[in-house]
Amino acid sequence: MTIPEVSLSSCKKTMPVIGLGTSSDPTADTETTKAAVIEAIKAGYRHFDTAFAYRSEQGVGEGIAEALKTGLIKCRDELFVTSKLWSSFADKDMVVPAIQMSLKNLQLEYLDLYLIHWPLKLSQNVRSLPTTEDNIFPLDIQSVWEGMGECKTLGLTKAIGVSNFSRKKLEQLLSAAKIPPAVNQVEMNPVWQQKELRKFCKENGILITAYCPLGANGTKWGDNRIIECDVLEEIAKAKGKTTAQVSLRWVYEQGVSLVTKSFNKERMKQNLEIFDWSLSEKESEKINQLPQRKGVLFVNLLGPHQFVRQIDAEL
């Protein structure tokens, strides 16, 4: 399976347009994640998306190590690995130690992409979510981004970017950034299409990576709006595809990359089978007209605090 790749700004290495996400609810154990990574590599995945907060870095690292040991891949450079700076470490002096911790978990010398996970800072004593408002602080975007730039300068990551950043937050970052963000990873799918944010990111050379392209059905933050969407089901039946494949194909046709999470071997394969067919103009227009509603809300993760509500409103 050959997966198309896309170029990133300020980075020579290209990124496969579809990656395997490793966030699980409940959190998967290390062996389960390791096994999923190995199966994904066998299926053709070469991009793996993890984060310190997912508690999946160790499993991803062990899966990569096993794939190298058994010859499934010849060298680490065949893979594209993304991880994220957790909000408890969102301080300029903590960014480099944080990526070094992630690299140790992953058993890697460098990341291909390192993202600021959330556009806020959390107290270091936060051990579970939701949390109280006195544990949540505005993010000092400029100073934390300087720390991200240091990670790139030191060769600890090939590219840097952000996640869950609104246009307003991106404008703040771009106003003083020496290195522009290569990626903004946000929720995006047929029922949350992010049209304005996509336009802004395209104009500024920032690649959107869509998470929850299938709505994260089965998780505490997701729902079944995609899988049970009548319009998508109708198109899927007409084309002999699954509803999930129609959703993923639509996302891909918007000129973005995507991360899809499934540890099921057959669904992993199905999620890659979206590149040798296309949606008609009429089908795309039907999807473009779907009612829009954001699925992932920070108030559900952090609590109904005023500052958190403001972040949700921006996104």
# chains A, B, ... in the order shown; residues from 1 in each chain; ligands from 1
>>> residues_around(residues="Asn184 (chain A)", least_positions_apart="2", cutoff="10 Å", atoms="only C-alpha atoms", output="PyMOL selection string")
chain A and resi 115-117+160-166+170+181-182+186-187+197-198+201+206-210
>>> closest_residue(among="A:Leu106, A:Ile226, A:Val308, A:Ala90", to="Pro291 (chain A)", atoms="only C-alpha atoms")
A:Ile226
>>> select_by_dssp(residues="region 162-292 of chain A", states="helix (DSSP H, G or I)", output="number ranges by chain")
A: 167-174, 195-203, 230-239, 243-253, 265-272, 281-288
>>> write_last_selection(atoms="C-alpha atoms", output="tab-separated table (two decimals), in the first residue's frame")
chain	number	residue	atom	x	y	z
A	167	ARG	CA	-7.02	31.35	13.92
A	168	LYS	CA	-6.63	33.91	16.73
A	169	LYS	CA	-3.97	31.81	18.47
A	170	LEU	CA	-2.17	31.19	15.17
A	171	GLU	CA	-2.12	34.92	14.43
A	172	GLN	CA	-0.51	35.55	17.82
A	173	LEU	CA	2.11	32.90	17.08
A	174	LEU	CA	2.85	34.03	13.53
A	195	LYS	CA	-13.65	25.80	6.41
A	196	GLU	CA	-12.41	29.18	7.68
A	197	LEU	CA	-9.50	27.71	9.63
A	198	ARG	CA	-8.48	25.61	6.62
A	199	LYS	CA	-8.47	28.70	4.42
A	200	PHE	CA	-6.33	30.65	6.89
A	201	CYS	CA	-3.84	27.80	7.34
A	202	LYS	CA	-3.50	27.27	3.59
A	203	GLU	CA	-2.78	30.97	3.08
A	230	ASP	CA	-27.57	9.11	6.51
A	231	VAL	CA	-25.89	11.15	3.76
A	232	LEU	CA	-22.56	9.35	4.22
A	233	GLU	CA	-24.29	5.96	4.43
A	234	GLU	CA	-26.15	6.63	1.17
A	235	ILE	CA	-22.93	7.58	-0.65
A	236	ALA	CA	-21.11	4.58	0.82
A	237	LYS	CA	-23.76	2.12	-0.43
A	238	ALA	CA	-23.71	3.65	-3.90
A	239	LYS	CA	-19.93	3.36	-4.14
A	243	THR	CA	-19.27	5.04	5.72
A	244	ALA	CA	-15.87	5.45	7.40
A	245	GLN	CA	-14.07	5.27	4.05
A	246	VAL	CA	-16.35	7.94	2.57
A	247	SER	CA	-15.63	10.22	5.52
A	248	LEU	CA	-11.86	9.67	5.30
A	249	ARG	CA	-11.88	10.17	1.53
A	250	TRP	CA	-13.77	13.46	1.93
A	251	VAL	CA	-11.23	14.66	4.52
A	252	TYR	CA	-8.33	13.67	2.24
A	253	GLU	CA	-9.88	15.50	-0.73
A	265	LYS	CA	-6.42	-5.10	11.93
A	266	GLU	CA	-9.18	-5.15	9.30
A	267	ARG	CA	-10.29	-1.58	9.96
A	268	MET	CA	-6.68	-0.44	9.79
A	269	LYS	CA	-6.53	-1.82	6.25
A	270	GLN	CA	-9.91	-0.38	5.30
A	271	ASN	CA	-8.83	3.07	6.48
A	272	LEU	CA	-5.96	2.98	3.98
A	281	GLU	CA	-18.79	16.65	-7.39
A	282	LYS	CA	-22.41	15.96	-6.44
A	283	GLU	CA	-21.40	13.66	-3.58
A	284	SER	CA	-18.90	16.19	-2.25
A	285	GLU	CA	-21.51	18.94	-2.38
A	286	LYS	CA	-23.95	16.82	-0.35
A	287	ILE	CA	-21.28	16.35	2.31
A	288	ASN	CA	-20.39	20.05	2.26
>>> closest_residue(among="A:Val126, A:Val183, A:Leu111, A:Leu258", to="Leu154 (chain A)", atoms="only C-alpha atoms")
A:Leu111
>>> residues_around(residues="Thr153 (chain A)", least_positions_apart="5", cutoff="12 Å", atoms="only C-alpha atoms", output="PDB file with C-alpha atoms, in the first residue's frame")
ATOM      1  CA  SER A  10      10.677  24.359   7.153  1.00  0.00           C
ATOM      2  CA  CYS A  11      11.193  20.589   6.977  1.00  0.00           C
ATOM      3  CA  VAL A  96      13.465  20.551  25.780  1.00  0.00           C
ATOM      4  CA  TYR A 110      14.558  12.411  17.111  1.00  0.00           C
ATOM      5  CA  GLU A 146      10.948  29.628  21.455  1.00  0.00           C
ATOM      6  CA  GLY A 147      11.398  26.384  23.392  1.00  0.00           C
ATOM      7  CA  MET A 148       9.888  24.443  20.493  1.00  0.00           C
ATOM      8  CA  LYS A 158      12.593  17.764  12.271  1.00  0.00           C
ATOM      9  CA  ALA A 159       9.518  20.011  12.388  1.00  0.00           C
ATOM     10  CA  ILE A 160       7.395  21.818  14.957  1.00  0.00           C
ATOM     11  CA  LYS A 178      11.013  32.953  13.544  1.00  0.00           C
ATOM     12  CA  ILE A 179       9.938  29.454  12.487  1.00  0.00           C
TER      13      ILE A 179
END
>>> closest_atom_pairs(of="region 227-303 of chain A", to="region 17-22 of chain A", cutoff="7 Å", atoms="only C-alpha atoms", output="Markdown table")
| residue | atom | partner | partner_atom | distance |
| --- | --- | --- | --- | --- |
| A:Ser257 | CA | A:Val17 | CA | 4.4 |
| A:Leu258 | CA | A:Ile18 | CA | 4.9 |
| A:Val259 | CA | A:Gly19 | CA | 4.6 |
| A:Thr260 | CA | A:Gly21 | CA | 5.4 |
| A:Lys261 | CA | A:Gly21 | CA | 4.5 |
>>> write_last_selection(atoms="N, CA and C atoms", output="PDB file, in the first residue's frame")
ATOM      1  N   SER A 257      -4.004  16.443   5.845  1.00  0.00           N
ATOM      2  CA  SER A 257      -3.602  15.105   6.268  1.00  0.00           C
ATOM      3  C   SER A 257      -4.555  14.667   7.388  1.00  0.00           C
ATOM      4  N   LEU A 258      -4.471  13.421   7.791  1.00  0.00           N
ATOM      5  CA  LEU A 258      -5.394  12.931   8.795  1.00  0.00           C
ATOM      6  C   LEU A 258      -4.777  11.833   9.640  1.00  0.00           C
ATOM      7  N   VAL A 259      -5.311  11.705  10.847  1.00  0.00           N
ATOM      8  CA  VAL A 259      -4.891  10.663  11.782  1.00  0.00           C
ATOM      9  C   VAL A 259      -6.137   9.898  12.183  1.00  0.00           C
ATOM     10  N   THR A 260      -6.120   8.607  11.934  1.00  0.00           N
ATOM     11  CA  THR A 260      -7.271   7.791  12.276  1.00  0.00           C
ATOM     12  C   THR A 260      -6.871   6.714  13.264  1.00  0.00           C
ATOM     13  N   LYS A 261      -7.712   6.476  14.254  1.00  0.00           N
ATOM     14  CA  LYS A 261      -7.375   5.548  15.326  1.00  0.00           C
ATOM     15  C   LYS A 261      -8.219   4.280  15.227  1.00  0.00           C
TER      16      LYS A 261
END
>>> atom_distance(atom1="CA of Pro130 (chain A)", atom2="CA of Trp118 (chain A)")
14.4 Å
>>> closest_residue(among="A:Gln289, A:Ser123, A:Asn189, A:Ser262", to="Ser87 (chain A)", atoms="only C-alpha atoms")
A:Ser123
>>> closest_residue(among="A:Ser143, A:Gln292, A:Thr70, A:Thr50", to="Asp91 (chain A)", atoms="only C-alpha atoms")
A:Ser143
